[in-house]
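Notes follow once the structure below has been shown.
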Amino acid sequence: MPESVTPLDGAVCSGFVTINDAGLAGMILLRADLDDTDVVSALKGAGIEPPGTGELAGELGNGALWMSPDELMILCAHDEAEATVATLKEALGGLHALVANVSDARAVFRLSGEGPAVREVLAKLSPADLRQNSFPPGRVRRTRLAQVPAAFWFAGDDEAVLICFRSVAGYVLDLLSKVATPGSEVGHF
Amino acid sequence: MSRRLPKGGRLIDRSRPLGFSFNGKEMRGYSGDTLASALLGRGQVLMGRSFKYHRPRGVVTSGPEEPNALVGLGRDGSFEPNVRATTTELFEGLEARSQNHWPSLEHDVGAINSVLSRFLPSGFYYKTFLWPRAFWKHVYEPAIRLSAGLGKPPKRRDADHYEHFNITTDILVIGGGISGIAAASAAAKTGVDVLLVEQASTWGGRAPVDGVRIDGLSAEEWAGTTLKSLQSMPNVRMRSRTTGVGVHDHGYVLLHERLNDHAPDHSVPRHRLWKVRAGQVVAATGAIERPLSFSGNDRPGCMLASAVRDYVVNYGVTPGERTVILTNNDDAYRTGLALREAGLGVPAILDTRQEATGPLAKAARDAGLTVRFGCGIAGIVGRDRVERVQVCSQDGDGEVIDEIQADCVAMSGGWSPAVHLWCHAGGKLSWNDEQAHFVPDRARPPTGANGVTMMQVAGTANGAMHAGAALESAHAAGVSAGQALGMGRSGKPDRAPEGEDEVHHPMEPVWLVPARAPYSRRAKSWLDFQNDVKVSDIELAAREGYESVEHAKRYTTLGMATDQGKLSNINGLAILSRELGAPIEEVGTTTFRPPYVPVTMGAIAGEARGELFQPVRKTPIHEWHDANGAHWEPVGHWRRPYAYPMQDESVHEAVKREVQATRSGVGLLDASTLGKLVVKGPDAGRFLDMLYTNMMSTLKPGKCRYGLMCSENGFLVDDGVVARLDDDTWLCHTTSGGADRIHASMEEWLQTEWWNWKAYVANVTEQFAQIGVAGPRSRDVLNALGPTTDLGKEALPFMAWTDGALGNVPVRIFRISFSGELSFEIAAPSGQGQALWNRLLEAGKPFGITPYGTEALHVMRAEKGFIMIGDETDGTVIPQDLGLHWAISKGKDDFLGKRAQEREHMADPLRWRLVGLETLDGSVLPDGAYAADKGVNANGQRRTQGRVTSTYYSPTLDRGIAMGLVERGPDRMGEILEFPAIDGEPVRARIVSPVFHDPDGERQNA
C-alpha cells in the first residue's frame, strides 16, 4: 500500500505563532443518539469514553471530540482507523448509528506560541469566545476560520490543535501564516 | 492669520519637530499635532473647497465631525482620499493635498458655481436638466460629475494590509473621556471583563481643555490616576486609536482600530476591525457642538467655539489674532477665557441671550471681556478669510449696528449628545427642551437577545452637560451595566467621582441669526458645510412638499457624505420644523446608521484579499494538475482542470485531443470534487425515496442508480449516481457544486420535518479521491494494476460497484459512465489519491492513457445527450422538461416536488422541452442563443420559442452539436429553427434527438 500523505505535506510556518502539520491522524465520524444508554455502553465497551457537551476526551491520536448532540469524532492512530471502525460497528451492533472513517478528509494543524499568542491568532479568524475562562484546554469549538469551517481545541495553555477540510488546507495555512506575522500581536488576552 | 503660539499646547512636544507637506509645500509641525493643528500653526486656514459651490473652506472643528478639512493623504499605494485633517496625527514625511479644486486651492475655476448659486438651488438636478432628455446622459451628467465631488479614488493597489479581531467581553465602554473612564471604573469594580476604547490617541476627552476638576484634581491628573488603577486590574483592557463605529443587534459592536496611521509601517496591519460580542455596551461618546446659522458662517475663520479653544490649549496654535465669539450658551465663554489667557484678542462676545449670570459669564466679565447681549452676526466681510464681523441685533432683520475687525469667529449653538451608537441598534430618542437637544430615551433602549437593555449611556452622551452630572451619570451607567450582567448587587456601593459642577445660565435655542434674517442672508447661512446646504434650501424643500425629514435630506443632500451631518442634522431639522410649524420632536431625526465615522474598505475586507480573497479548494491531485499545465476552471470554490494543453497546443485543440483519446483509447479524469454523502439507518431508504424522484429503496446492495432531486416547487436541483452499500446504507453522489447544499438540505429535512425518522447523513466528499477511467481500453488499464476483484462484464456489469484493491490501493470501483464509454470511477482514500493517479498513468501508458479535463467531460456528455445541472437547468426547469420521465417514479405516494409538478403550468404542453440542435452548416451555435418566433410580445420584442442550453464542437462528429429547450420541442423533430446571432446572419438549426452518439449505449455496456 502506498504511504498516505497529508495535505500539508509537513508544512511548517513560523510567525509569532508556529504552525505545524500535525501529521497523519485517525478520525472516525460517529453519529448516534448520545443520550441512549445502550449507545454509551457500546462505546465504552469499544474503549471509547464519550466526551461531555463541547468537550474533548483524551487527545489527538487517542480520544474523542464532541461535534454535535448526535455526533462524535473518534481520534486514533491513522493506521488503526479501519480496525477501530470495525470494532465500533461490532460494538454498536444493531443500534442505529453511522460510523465512517474520515481520517483523510481533514488537515490537522498544531499551533504553538508564547502565552496567549495562539488565542490571538485564532481570534483574528474565528468568532469563537477565546477567553481562557470560556475556552480552557479540554473544550472543543466547531466554528469558522475566515471563510471556511474549522474546529480547534487547546492541548495545553499555549498550544492548540486545529482541523479543517482537506481541500482548504492550503488556504488555512496561508491564513494562519498571514495573521501570525510578527509585529501584528494584539496584546488583548 | 492663524499661527503657532510661543508657548502652550498640552499635547504637542516642541522638542520633536516633524516635516510634512501640503499641496507640495514643505511645512513643519510638532509631534502630537494633528494635520489640522499643524496647518493652522503654519498660517494655513484654507483647507478645502466645498462640494457644490467650490467655496473656500477652512477647518471648523477639532474632531471626527469635521465637514471641511478633508484631504488626500499619502501617495500611490498609500493614497487615501477624504481624510479628516482634524483626526490625522502628524508624522514625519506626511503628504497631504487639498481636494475638489482646479487648478489650485487658492484659485479654483469651479468657484464660479458659487456665483451661480442662485441658479443651483436644492433639487436643481431634477429641475434643470430634464430637457432635452438625451442631454442628461451625454452632456449634463458628465459635466456635473466633473465639477462636483470630494476626493479622487486611489488609482493604485493598497500597499497596506488589514485584519479582523473577534472578542467577547462582558462590558464594552466606548469613549475614553472622563465619563468613559468613570463608567469603566464603576463597571470594573463589579468584577466583570471590561474593554474601554477611545478614538483619539489620548485619554480624557475634552475635560482637560475645559478646566474640569474631579475629586480635587485637574481632569488630566484624575484621568491619569484612574487609568493607572484600571490598568492594574486584570479584568480591564484599554485601547486608544480605536473608534466604536457600529452597534448592531445583540451587543455585536464593530470597532475600528488604527494601528499605525500615525507612524506608517507596511509590514504590520494598518487597521484592525474588532468584532466585539459584548454583554453590555456603555456609550460614553460625548457631545458635538452645533454651529450657528448666520450669513457667511462658512467663511474660513468661522469655527466651533470648542474647537478654537482646543487648538489653543491642546496644540498651542490660534486660528486668529482677534476672535469674535457668538453664542447662545455659557459654555462658549470658556473660549473667550482661554484666548484671553493666551494673550489673544477677543473684541467681543456676542451673546444672543438677554443676559448670562452664570459663573463663566462672570469670569469673562471679570477678565475684562466685552459681552454684548441680544446681539448676533448679520454678515461676514472677507472672501477667503474672515476680515470683519457685522454685528446686528439678534431680534432684528440684520441691520448692521457696527463692524468689528476680526479674523476668527468662534460660534456655539449649544451641544448635541452623540446619540449615534444608541440609535444604531434601535434605541429611541426624546427631546430635551431646556438644552434643545435629543437625548437617549432610557425607556426605549436597544435590547439584546433576551429582550433586556443591552446598552447604557454615560455622561454628556446622556445629556449630562456638566462635569458633576456627567460623572454621576457615567458611574451609574457602569454600575447598571454590571448589574445587568448579574454582578455587583451586593457589597458596599462605590461612590461616583465628584466633579465640580458650575451653575450655567440656561441656553437659548437659536436656529437662525438674526432671528428675522431676510432671504438674501438665509441664502448665505450654511447648515451643511460639506454639501452646501443653506437655510434657504431647507425652506424651499419644505415649501415644495418635502415634509418628511428623510425626504428633505435626500432632496437637499443635508447630512450626506463623509460627515453624515454631524454638525448639520439638528440645525437643519430645526429649520424644517420652523417652516412646517411642527415641534422638532415631531419632525424627528433622520436614521442614524453605522458606521459612525468612515471605515476603510481595507479594514472591512480584513485578510480577505489577494490569495486569501476566497478559499480555493484543491483536490488531492491538484499539484499534479498544476505541474502538468492544467488550464483551470473554477467550479464552486474548487479549481478543476478545464483541459491540459501541451506545448504549442491551444485549449480548444487540447479538448479535441482529450475527447478523441478517450473515445478511441482511454482517458483519466480527476472526479474528486463530486459530492459523496453517506445515508444510513432503518429509514434511510424511505428518506431517499422522498428526496429523489425515483425509487432508491428498491436498489440492490452492490448496484448503482442515477437519480434526480427536486425542490419542493418541483424544479430540478441536483442529480447523481446513488450506490447501495449495504442493507441500510446508501452512498449518494451529488454534483461538485451541490455537495454542501444537498448535505445541508438533507439535514434540514431530517431535523425539522422528519425528525423521528432513523437516518443519519455524513458528508464524506473529502475522504475520497475519485478518479474516472473512461474509454474502450479502461478495463485493460485497471486489469494491468492487478485488481483484487473481477472487473469483467459479468462480474461487474454496468451500474454495479465493488470494493477491493487496485495497485495495492484500497478502492471502491463504480461502473458508471458520464462519457458514454466503458468507464470506471475509482474512489480511494484522499491520502493515497495521488499515488493511485500515478499508478493508473503508469499502467495506462501502453494504452495511450490521456488525462482529460472538465471541457472534454462536458463535450462527451453532450454527445451522449446527458444533461448537466446548471446548463440544462436554471431553477425553472422540471425533469419532465428534460425528457427524464423515466427517472420519475409513478409508484411512489410522494417525493419532494411531486405535487408541484402536477400543477397546471408544469403540465402545460407548451413548455419548452429538451431537444438536440444540429446547425445546417455544421457550425457551433452561440451559447444561450434564443430561437426566434413570429411576431412580437407586449413589449414590442421579438417573440422566442426556445434557447440553447449547451453547445459544443464535437470532435467525435466533427461538427457543432447543441442541446436546447424548445416549445413542444420533442414533437417537432426535423423542424428548422432560426437563432439570430449578435452579428451576422441568423444561424439555422434542425431539431433532432439530443443523443448524438451511440444512441443504443453499446459502448458503455462493453
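Going through the C-alpha cells in order, the chains are called A, B, and so on, while each chain numbers its residues from 1 and the ligands are numbered from 1 in the order shown.
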Within 9 Å of chain B, which residues of chain A show up when using only C-alpha atoms, listed as number ranges by chain? A: 1-7, 29, 31-32, 96-106, 120-131, 146-148, 165-172, 174-175, 178-179, 181-184, 186, 188-189
Strand (DSSP E or B) positions in segment 204-430 of chain B, given as a PyMOL selection string: chain B and resi 204+213-214+217-218+236-239+242-248+252-258+271-283+287-289+294-295+302-304+317-318+322-327+345-351+371-373+375-381+388-393+400-405+408-412+415-417+429-430
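Proximity to Ala425 of chain B was assessed for B:Arg578, B:Arg84, B:Arg444, B:His858 counting only C-alpha atoms; the smallest distance is recorded for B:Arg444.
The list of residues with at least one atom within 7 Å of Ala64 of chain A, based on only C-alpha atoms and without residues fewer than 4 positions apart in the same chain, reads Pro50, Pro51, Leu56, Ala57, Gly58, Leu72, Met73, Ile74 and Leu75 of chain A.
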Since we have the selection now, will you write its residues out, keeping N, CA and C atoms, as a PDB file, in the first residue's frame?
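Result file part-v2.pdb:
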```
ATOM      1  N   PRO A  50     -17.121   8.679  25.994  1.00  0.00           N
ATOM      2  CA  PRO A  50     -17.745   9.805  25.290  1.00  0.00           C
ATOM      3  C   PRO A  50     -17.484  11.117  26.027  1.00  0.00           C
ATOM      4  N   PRO A  51     -17.070  12.139  25.313  1.00  0.00           N
ATOM      5  CA  PRO A  51     -16.811  13.432  25.950  1.00  0.00           C
ATOM      6  C   PRO A  51     -18.115  14.127  26.293  1.00  0.00           C
ATOM      7  N   LEU A  56     -13.561  17.672  24.797  1.00  0.00           N
ATOM      8  CA  LEU A  56     -12.650  16.698  24.213  1.00  0.00           C
ATOM      9  C   LEU A  56     -12.293  15.707  25.311  1.00  0.00           C
ATOM     10  N   ALA A  57     -12.358  14.407  24.991  1.00  0.00           N
ATOM     11  CA  ALA A  57     -11.864  13.400  25.930  1.00  0.00           C
ATOM     12  C   ALA A  57     -10.585  12.850  25.320  1.00  0.00           C
ATOM     13  N   GLY A  58      -9.514  12.790  26.087  1.00  0.00           N
ATOM     14  CA  GLY A  58      -8.259  12.269  25.552  1.00  0.00           C
ATOM     15  C   GLY A  58      -7.537  13.309  24.724  1.00  0.00           C
ATOM     16  N   LEU A  72     -19.935  12.415  17.269  1.00  0.00           N
ATOM     17  CA  LEU A  72     -18.605  12.444  17.879  1.00  0.00           C
ATOM     18  C   LEU A  72     -17.570  12.243  16.783  1.00  0.00           C
ATOM     19  N   MET A  73     -16.363  12.701  17.044  1.00  0.00           N
ATOM     20  CA  MET A  73     -15.259  12.297  16.192  1.00  0.00           C
ATOM     21  C   MET A  73     -14.276  11.522  17.064  1.00  0.00           C
ATOM     22  N   ILE A  74     -14.100  10.263  16.708  1.00  0.00           N
ATOM     23  CA  ILE A  74     -13.204   9.399  17.466  1.00  0.00           C
ATOM     24  C   ILE A  74     -11.791   9.601  16.919  1.00  0.00           C
ATOM     25  N   LEU A  75     -10.847   9.830  17.810  1.00  0.00           N
ATOM     26  CA  LEU A  75      -9.461  10.063  17.396  1.00  0.00           C
ATOM     27  C   LEU A  75      -8.628   8.818  17.707  1.00  0.00           C
TER      28      LEU A  75
END
```
Quick check for you: according to DSSP on this backbone, which residues of segment 442-611 of chain B are classed as helix (DSSP H, G or I)? Reply as a ChimeraX atom specification. /B:459-462,467-484,519-522,535-543,549-556,569-580,584-587,601-605,610-611
In Å to one decimal, how far is atom CA of Phe592 of chain B from atom CA of Thr88 of chain B? 24.3 Å
Neighbour list for Val108 of chain A as a list in words, cut-off 10 Å, only C-alpha atoms, skip fewer than 4 positions in-chain: Thr6, Pro7, Leu8, Asn20, Asp21, Ala22, Gly23, Leu24, Ala25, Leu60, Ala151, Phe152, Val161, Leu162, Ile163, Cys164, Phe165, Arg166 and Ala169 of chain A
Hey, can you spit out that residue selection with C-alpha atoms as a PDB file, in the first residue's frame?
```
ATOM      1  CA  THR A   6      -1.213  14.684   4.496  1.00  0.00           C
ATOM      2  CA  PRO A   7      -2.498  17.655   2.530  1.00  0.00           C
ATOM      3  CA  LEU A   8       0.016  19.920   4.283  1.00  0.00           C
ATOM      4  CA  ASN A  20       2.950  22.752  12.087  1.00  0.00           C
ATOM      5  CA  ASP A  21       1.448  19.933  10.092  1.00  0.00           C
ATOM      6  CA  ALA A  22       0.284  17.618  12.879  1.00  0.00           C
ATOM      7  CA  GLY A  23       0.760  14.644  10.566  1.00  0.00           C
ATOM      8  CA  LEU A  24      -1.495  11.701   9.854  1.00  0.00           C
ATOM      9  CA  ALA A  25      -4.303  11.237  12.327  1.00  0.00           C
ATOM     10  CA  LEU A  60      -5.203  13.663  19.180  1.00  0.00           C
ATOM     11  CA  ALA A 151     -12.647  23.075  14.712  1.00  0.00           C
ATOM     12  CA  PHE A 152      -9.997  23.522  17.360  1.00  0.00           C
ATOM     13  CA  VAL A 161      -4.838  21.632  17.552  1.00  0.00           C
ATOM     14  CA  LEU A 162      -6.910  22.754  14.599  1.00  0.00           C
ATOM     15  CA  ILE A 163      -8.708  20.699  11.961  1.00  0.00           C
ATOM     16  CA  CYS A 164     -10.234  21.813   8.692  1.00  0.00           C
ATOM     17  CA  PHE A 165     -11.311  20.136   5.490  1.00  0.00           C
ATOM     18  CA  ARG A 166      -8.513  18.749   3.372  1.00  0.00           C
ATOM     19  CA  ALA A 169      -5.594  23.083   3.958  1.00  0.00           C
TER      20      ALA A 169
END
```
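When only C-alpha atoms are used to compute distances to Asp719 of chain B, the closest of the residues B:Gly451, B:Gly844, B:Pro634, B:Pro879 turns out to be B:Pro879.
Near Ala42 of chain A, within 9 Å and counting only C-alpha atoms, sit Thr37, Gly47, Ile48, Leu88, Ala91, Leu92 and Gly93 of chain A, not including residues fewer than 5 positions from it in the same chain.
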Write the residues of the selection above to a file with N, CA and C atoms, as a PDB file, in the first residue's frame.
```pdb
ATOM      1  N   THR A  37     -28.451   5.128  26.548  1.00  0.00           N
ATOM      2  CA  THR A  37     -27.505   4.430  27.419  1.00  0.00           C
ATOM      3  C   THR A  37     -26.898   3.214  26.713  1.00  0.00           C
ATOM      4  N   GLY A  47     -14.004   0.809  24.232  1.00  0.00           N
ATOM      5  CA  GLY A  47     -12.856   1.547  24.773  1.00  0.00           C
ATOM      6  C   GLY A  47     -12.933   3.038  24.535  1.00  0.00           C
ATOM      7  N   ILE A  48     -14.134   3.541  24.254  1.00  0.00           N
ATOM      8  CA  ILE A  48     -14.249   4.982  23.979  1.00  0.00           C
ATOM      9  C   ILE A  48     -15.067   5.658  25.071  1.00  0.00           C
ATOM     10  N   LEU A  88     -15.963  -0.604  16.403  1.00  0.00           N
ATOM     11  CA  LEU A  88     -17.122   0.216  16.756  1.00  0.00           C
ATOM     12  C   LEU A  88     -18.406  -0.356  16.190  1.00  0.00           C
ATOM     13  N   ALA A  91     -19.377  -3.296  18.133  1.00  0.00           N
ATOM     14  CA  ALA A  91     -19.866  -2.944  19.464  1.00  0.00           C
ATOM     15  C   ALA A  91     -21.269  -2.355  19.395  1.00  0.00           C
ATOM     16  N   LEU A  92     -21.532  -1.573  18.381  1.00  0.00           N
ATOM     17  CA  LEU A  92     -22.841  -0.919  18.272  1.00  0.00           C
ATOM     18  C   LEU A  92     -23.913  -1.885  17.778  1.00  0.00           C
ATOM     19  N   GLY A  93     -23.472  -2.945  17.127  1.00  0.00           N
ATOM     20  CA  GLY A  93     -24.383  -3.996  16.695  1.00  0.00           C
ATOM     21  C   GLY A  93     -25.590  -3.458  15.946  1.00  0.00           C
TER      22      GLY A  93
END
```
Give me, as JSON, numbers by chain, all polymer residues having an atom no more than 8 Å from segment 14-23 of chain B, counting only C-alpha atoms and skipping those fewer than 4 positions away in the same chain. {"B": [27, 28, 29, 30, 31, 90, 91, 92, 93, 94, 95, 96, 97, 98]}
Compile the contact shell of His652 of chain B as a list in words: residues with an atom at most 12 Å away, counting only C-alpha atoms, same-chain residues fewer than 2 positions apart removed. His631, Tyr642, Ala643, Tyr644, Pro645, Met646, Asp648, Glu649, Ser650, Ala654, Val655, Lys656, Arg657, Glu658, Val659, Gly853, Glu855, Ala856, Val859, Tyr952, Tyr953, Ser954 and Pro955 of chain B
